[in-house]
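Here is protein.txt, consisting of compact mmCIF, C-alpha atoms and all ligand atoms:
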```txt
# COMPACT_ATOMS: atom_id res chain seq x y z
CA MET O 186 -62.40 18.00 68.96
CA PRO O 187 -60.19 15.71 66.84
CA SER O 188 -56.58 15.41 68.02
CA ALA O 189 -53.67 17.58 66.93
CA ILE O 190 -52.01 17.21 63.56
CA ILE O 191 -48.98 19.30 62.64
CA SER O 192 -48.44 19.84 58.93
CA PRO O 193 -45.20 21.72 58.12
CA SER O 194 -45.47 23.74 54.90
CA VAL O 195 -42.59 22.72 52.65
CA LEU O 196 -42.83 26.06 50.88
CA ALA O 197 -40.40 27.30 53.52
CA SER O 198 -38.01 24.37 53.03
CA ASP O 199 -34.98 23.91 50.79
CA PHE O 200 -36.66 22.67 47.59
CA GLY O 201 -33.33 21.22 46.44
CA GLN O 202 -33.50 18.82 49.39
CA LEU O 203 -37.26 18.30 49.45
CA THR O 204 -37.26 14.60 50.19
CA ALA O 205 -34.70 14.94 52.97
CA GLU O 206 -36.60 17.93 54.39
CA CYS O 207 -39.83 15.90 54.56
CA LYS O 208 -38.04 13.05 56.31
CA ARG O 209 -36.52 15.50 58.76
CA MET O 210 -39.99 16.84 59.63
CA ILE O 211 -41.47 13.38 60.15
CA LYS O 212 -38.54 12.50 62.39
CA GLY O 213 -39.21 15.75 64.24
CA GLY O 214 -42.79 14.73 65.03
CA ALA O 215 -44.87 15.99 62.09
CA GLN O 216 -47.87 13.87 61.15
CA TRP O 217 -48.53 15.45 57.75
CA LEU O 218 -46.57 17.47 55.20
CA HIS O 219 -48.33 20.49 53.70
CA MET O 220 -47.68 20.77 49.96
CA ASP O 221 -48.62 24.16 48.49
CA VAL O 222 -49.54 23.75 44.84
CA MET O 223 -49.87 27.12 43.04
CA ASP O 224 -50.69 27.50 39.35
CA GLY O 225 -49.98 31.17 38.56
CA HIS O 226 -53.72 31.75 37.95
CA PHE O 227 -55.60 31.38 41.23
CA VAL O 228 -52.57 33.02 42.85
CA PRO O 229 -49.74 34.88 41.09
CA ASN O 230 -46.99 32.40 41.98
CA ILE O 231 -46.10 28.98 40.62
CA THR O 232 -44.67 26.39 42.99
CA MET O 233 -44.85 22.65 42.32
CA GLY O 234 -47.16 20.13 40.75
CA ALA O 235 -47.80 16.42 40.52
CA PRO O 236 -44.35 15.37 39.18
CA ILE O 237 -42.61 16.79 42.23
CA LEU O 238 -45.18 15.35 44.62
CA SER O 239 -44.71 11.99 42.96
CA SER O 240 -40.95 12.10 43.58
CA VAL O 241 -41.53 13.03 47.21
CA SER O 242 -44.01 10.23 47.81
CA LYS O 243 -41.62 7.70 46.28
CA GLY O 244 -38.72 9.04 48.33
CA VAL O 245 -40.58 9.23 51.63
CA PRO O 246 -42.54 6.00 52.15
CA GLY O 247 -45.67 6.43 54.23
CA ILE O 248 -45.76 10.22 53.90
CA PHE O 249 -49.18 11.89 54.26
CA MET O 250 -49.21 14.69 51.70
CA ASP O 251 -51.72 17.39 52.63
CA CYS O 252 -52.07 19.02 49.20
CA HIS O 253 -53.26 22.63 49.31
CA MET O 254 -54.45 23.31 45.79
CA MET O 255 -54.24 27.04 45.08
CA VAL O 256 -55.34 26.48 41.49
CA ALA O 257 -58.01 28.02 39.27
CA GLN O 258 -59.48 24.72 38.06
CA PRO O 259 -59.30 22.28 40.97
CA GLU O 260 -61.34 19.66 39.04
CA LYS O 261 -58.46 19.35 36.59
CA TRP O 262 -55.80 17.97 38.94
CA VAL O 263 -57.59 15.36 41.04
CA ASN O 264 -56.34 12.36 39.06
CA ASP O 265 -52.78 13.67 38.73
CA ILE O 266 -52.47 14.37 42.45
CA ALA O 267 -54.01 11.00 43.35
CA ASP O 268 -51.57 9.26 41.00
CA ALA O 269 -48.73 11.24 42.59
CA GLY O 270 -49.61 9.85 46.02
CA GLY O 271 -51.60 12.76 47.49
CA ALA O 272 -53.47 11.77 50.67
CA LEU O 273 -55.62 14.89 51.05
CA TYR O 274 -56.78 17.17 48.26
CA CYS O 275 -57.81 20.59 49.57
CA PHE O 276 -59.37 22.95 47.05
CA HIS O 277 -60.56 26.55 47.41
CA ILE O 278 -64.32 27.06 47.52
CA GLU O 279 -63.75 30.30 45.55
CA ALA O 280 -62.38 28.30 42.61
CA THR O 281 -65.27 25.95 41.89
CA SER O 282 -68.97 26.14 41.12
CA ASP O 283 -69.64 22.50 42.01
CA PRO O 284 -67.91 21.60 45.26
CA ILE O 285 -70.11 18.52 45.86
CA SER O 286 -69.10 16.79 42.62
CA LEU O 287 -65.51 17.75 43.24
CA ILE O 288 -65.50 16.20 46.73
CA GLU O 289 -67.09 13.06 45.29
CA SER O 290 -64.39 12.80 42.63
CA ILE O 291 -61.68 13.25 45.28
CA HIS O 292 -63.23 10.48 47.37
CA GLU O 293 -63.47 8.22 44.31
CA ARG O 294 -59.70 8.50 44.06
CA LYS O 295 -59.38 7.49 47.73
CA MET O 296 -58.12 10.85 48.95
CA LYS O 297 -59.50 12.89 51.81
CA ALA O 298 -61.22 16.08 50.66
CA GLY O 299 -60.51 19.51 52.11
CA VAL O 300 -62.30 22.80 51.46
CA ALA O 301 -60.38 26.06 51.93
CA ILE O 302 -61.61 29.62 52.43
CA SER O 303 -59.46 32.70 51.80
CA PRO O 304 -59.44 35.62 54.29
CA ASP O 305 -62.27 37.54 52.57
CA THR O 306 -64.56 34.52 52.20
CA PRO O 307 -67.12 34.02 54.98
CA SER O 308 -67.49 30.65 56.70
CA THR O 309 -71.04 30.50 55.32
CA ALA O 310 -69.53 29.94 51.86
CA ILE O 311 -69.16 26.37 53.10
CA SER O 312 -72.71 25.03 53.06
CA ASP O 313 -73.86 22.38 55.53
CA GLU O 314 -73.88 19.81 52.75
CA VAL O 315 -70.32 20.64 51.61
CA GLY O 316 -69.01 20.73 55.18
CA GLU O 317 -70.55 17.38 56.04
CA LEU O 318 -69.17 15.73 52.92
CA ALA O 319 -65.66 17.15 53.36
CA ASP O 320 -63.07 15.62 55.67
CA MET O 321 -61.26 18.87 56.47
CA LEU O 322 -62.00 22.59 56.39
CA LEU O 323 -59.13 25.06 55.93
CA VAL O 324 -59.34 28.62 57.22
CA MET O 325 -56.61 30.69 55.58
CA THR O 326 -55.04 33.17 57.98
CA VAL O 327 -53.08 34.94 55.22
CA TYR O 328 -53.95 35.67 51.60
CA PRO O 329 -52.91 32.60 49.62
CA GLY O 330 -49.88 33.04 47.41
CA ARG O 331 -46.71 33.02 49.44
CA GLY O 332 -45.14 32.02 52.73
CA GLY O 333 -43.79 34.27 55.45
CA GLN O 334 -46.77 36.62 55.74
CA LYS O 335 -48.27 38.09 58.90
CA PHE O 336 -51.09 36.19 60.62
CA ILE O 337 -54.49 37.84 60.07
CA GLU O 338 -56.27 37.55 63.40
CA ARG O 339 -59.68 38.62 62.09
CA CYS O 340 -59.92 35.23 60.33
CA VAL O 341 -60.01 33.34 63.62
CA PRO O 342 -63.76 33.77 64.35
CA LYS O 343 -64.39 31.69 61.23
CA VAL O 344 -62.65 28.78 62.94
CA THR O 345 -65.02 29.17 65.90
CA GLU O 346 -68.02 29.26 63.56
CA LEU O 347 -66.94 26.17 61.64
CA ARG O 348 -66.05 24.23 64.80
CA ALA O 349 -69.56 24.92 66.15
CA ARG O 350 -71.14 23.65 62.94
CA PHE O 351 -68.79 20.69 62.38
CA PRO O 352 -67.62 19.34 65.74
CA GLU O 353 -66.06 16.17 64.31
CA LYS O 354 -64.19 17.56 61.31
CA ASP O 355 -60.53 18.39 60.99
CA ILE O 356 -60.18 22.18 60.88
CA GLU O 357 -56.86 23.49 59.57
CA VAL O 358 -55.33 26.95 59.86
CA ASP O 359 -52.66 28.08 57.42
CA GLY O 360 -50.63 31.25 57.19
CA GLY O 361 -48.44 33.04 59.68
CA VAL O 362 -49.04 30.39 62.31
CA GLY O 363 -46.32 29.71 64.89
CA PRO O 364 -45.82 29.49 68.66
CA LYS O 365 -47.09 33.08 69.12
CA THR O 366 -50.31 32.68 67.12
CA VAL O 367 -51.23 29.03 67.59
CA ASP O 368 -53.05 29.43 70.92
CA VAL O 369 -55.81 31.62 69.55
CA CYS O 370 -56.31 29.14 66.67
CA ALA O 371 -56.41 26.13 68.96
CA GLN O 372 -58.79 27.83 71.38
CA ALA O 373 -61.10 28.61 68.46
CA GLY O 374 -61.16 24.92 67.58
CA SER O 375 -58.47 24.31 65.00
CA ASN O 376 -56.72 20.94 65.32
CA VAL O 377 -54.62 20.86 62.11
CA ILE O 378 -51.80 23.38 62.26
CA VAL O 379 -49.82 24.38 59.19
CA ALA O 380 -46.59 26.27 59.75
CA GLY O 381 -43.85 27.01 57.25
CA THR O 382 -41.52 29.77 58.35
CA ALA O 383 -42.04 29.05 62.06
CA ILE O 384 -40.90 25.45 61.67
CA PHE O 385 -38.31 25.53 58.88
CA GLY O 386 -36.83 28.79 60.13
CA ALA O 387 -36.21 27.33 63.59
CA GLU O 388 -32.92 25.92 64.76
CA ARG O 389 -34.78 23.02 66.36
CA PRO O 390 -37.94 22.36 64.35
CA GLU O 391 -38.89 19.42 66.57
CA GLU O 392 -39.32 21.81 69.51
CA VAL O 393 -41.63 24.07 67.48
CA ILE O 394 -43.64 21.05 66.32
CA ALA O 395 -44.00 19.90 69.95
CA THR O 396 -45.09 23.40 71.05
CA LEU O 397 -47.71 23.62 68.31
CA LYS O 398 -48.99 20.14 69.11
CA SER O 399 -49.35 20.79 72.81
CA ALA O 400 -51.24 24.03 72.14
CA VAL O 401 -53.97 21.93 70.48
CA ASP O 402 -53.89 18.92 72.78
CA THR O 403 -54.09 20.80 76.07
C1 LIG O 501 -49.70 30.46 51.62
C2 LIG O 501 -49.55 28.98 51.85
C3 LIG O 501 -49.11 28.62 53.21
C4 LIG O 501 -47.75 29.13 53.58
C5 LIG O 501 -47.53 29.04 55.06
O1 LIG O 501 -50.23 30.67 50.38
O2 LIG O 501 -50.79 28.35 51.63
O3 LIG O 501 -49.17 27.21 53.38
O4 LIG O 501 -46.72 28.45 52.94
O5 LIG O 501 -46.29 29.57 55.35
P1 LIG O 501 -46.04 30.43 56.67
O6 LIG O 501 -46.25 29.50 57.81
O7 LIG O 501 -44.63 30.87 56.50
O8 LIG O 501 -47.03 31.55 56.65
ZN ZN O 502 -51.00 26.26 52.31
```

Here is the file; what I need is its structure written in the form of C-alpha cells.
Amino acid sequence: MPSAIISPSVLASDFGQLTAECKRMIKGGAQWLHMDVMDGHFVPNITMGAPILSSVSKGVPGIFMDCHMMVAQPEKWVNDIADAGGALYCFHIEATSDPISLIESIHERKMKAGVAISPDTPSTAISDEVGELADMLLVMTVYPGRGGQKFIERCVPKVTELRARFPEKDIEVDGGVGPKTVDVCAQAGSNVIVAGTAIFGAERPEEVIATLKSAVDT
C-alpha cells in the first residue's frame, strides 16, 4: 500500500487566515491540504473557487492542493484550477458522463486526477479503465456538502473493494475521519486521510496529524 498522506480539510479552518492556516498545517506535519470546492449545484453550499486557491498557492510556496471538486460540471473548472496552482483535481463520478476524457484533460494540465464516490455510489461505478487511469480514488464517508458530519461506517467496505482492485493507487477517505475512525479506514486500505474538524478543532493539530499518520503507516 502507498505510504500515508494527511490532508487537512481547510473547510474547518478560519477562512480569514487561510494562508496562515495552511502554513500551520504544513508545519504540523501535513503533506497535502484538502480544498473543498462547492458550487451550490452538485451540493447546496458554496465555498471557494479558483481565485482563492490562487491566493493560497501564491502565499504558501510548495503547497500541494488536493482539490475536491463538489461541482456539477467538473469539465468546466480544470483549466482554472490548474492555473490557480491545483496539484490534484478530484471530481465526482456522479457528475460526469465521460470520466476518461476528463482524467485525460486533468493530466494534460499536469495535475493528478482523483475520482470520488458519494456514500450511495457503489465502488463498481469506478470501472477498471477509470481506476487505472486515475491517480487517486476518494471514498466519501459522509454526504458531500459540509464539514463536521458523523462518519458513515457502511462506506468502509468500498475502500476494501477498491484497494483489492487497485493495490498501487492512493485511496482517500473524507468525512468524519479522526483518531476514533481512522483505524477502520487504514485497515481497509486507505492511505490518504482527510480530516477537518478533528484537526482544526484540536488544541494541538500536530498531534492529531501524527496519530492519523501512524494509523496508516503501522
Ligand atoms: C464534505 C467535505 C469534507 C469535509 C471534511 O463535503 O468534502 O472534506 O470538509 O470535514 P470533517 O473532517 O469535519 O468531516
Ligand atoms: Zn472533501

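With all atoms listed in the file as the basis for measurement, O:His219 is the residue among O:His219, O:Arg350, O:His277, O:Lys261 that approaches ligand LIG 501 (chain O) most closely.
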
When the cut-off is 12 Å and you count only C-alpha atoms and all ligand atoms, which residues lie near ligand ZN 502 (chain O), shown as number ranges by chain?
O: 192-197, 218-223, 228, 232, 250-256, 274-277, 299-303, 323-334, 357-362, 377-382

What does the structure give for the distance between CA of Ser198 (chain O) and atom C4 of ligand LIG 501 (chain O), in Å to one decimal?
10.9 Å

Nearest residue to Val401 (chain O) from the set O:Glu338, O:Phe227, O:Lys297, O:Val369 (distances using all atoms listed in the file):
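For Val401 (chain O), the nearest of the given residues is O:Val369.
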
Quick one: distance from CA of Ile278 (chain O) to CA of Lys335 (chain O) in Å, one decimal?
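Going from CA of Ile278 (chain O) over to CA of Lys335 (chain O), I get 22.6 Å.
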
Gap from CA of Thr306 (chain O) to CA of Asp355 (chain O) - Å, one decimal:
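Rounded to one decimal, the two atoms are 18.8 Å apart.
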
Judged by all atoms listed in the file, the minimum distance to ligand LIG 501 (chain O) among O:Ala280, O:Ile211, O:Ala383, O:Leu273 is found for O:Ala383

Quick one: of O:Thr204, O:Ser239, O:Gln372, O:Thr281, who's nearest to Pro259 (chain O), counting all atoms listed in the file?
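When distances to Pro259 (chain O) are compared using all atoms listed in the file, the smallest one comes from O:Thr281.
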
Pick from O:Asp320, O:Glu260, O:Glu392, O:Glu289: nearest to Ala215 (chain O), with all atoms listed in the file counted?
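Of the candidates, the smallest distance to Ala215 (chain O) is held by O:Glu392.
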
Out of O:Val367, O:Val341, O:Ile266, O:Ile394, which residue has the shortest atom-to-atom distance to Pro304 (chain O) when counting all atoms listed in the file?
O:Val341
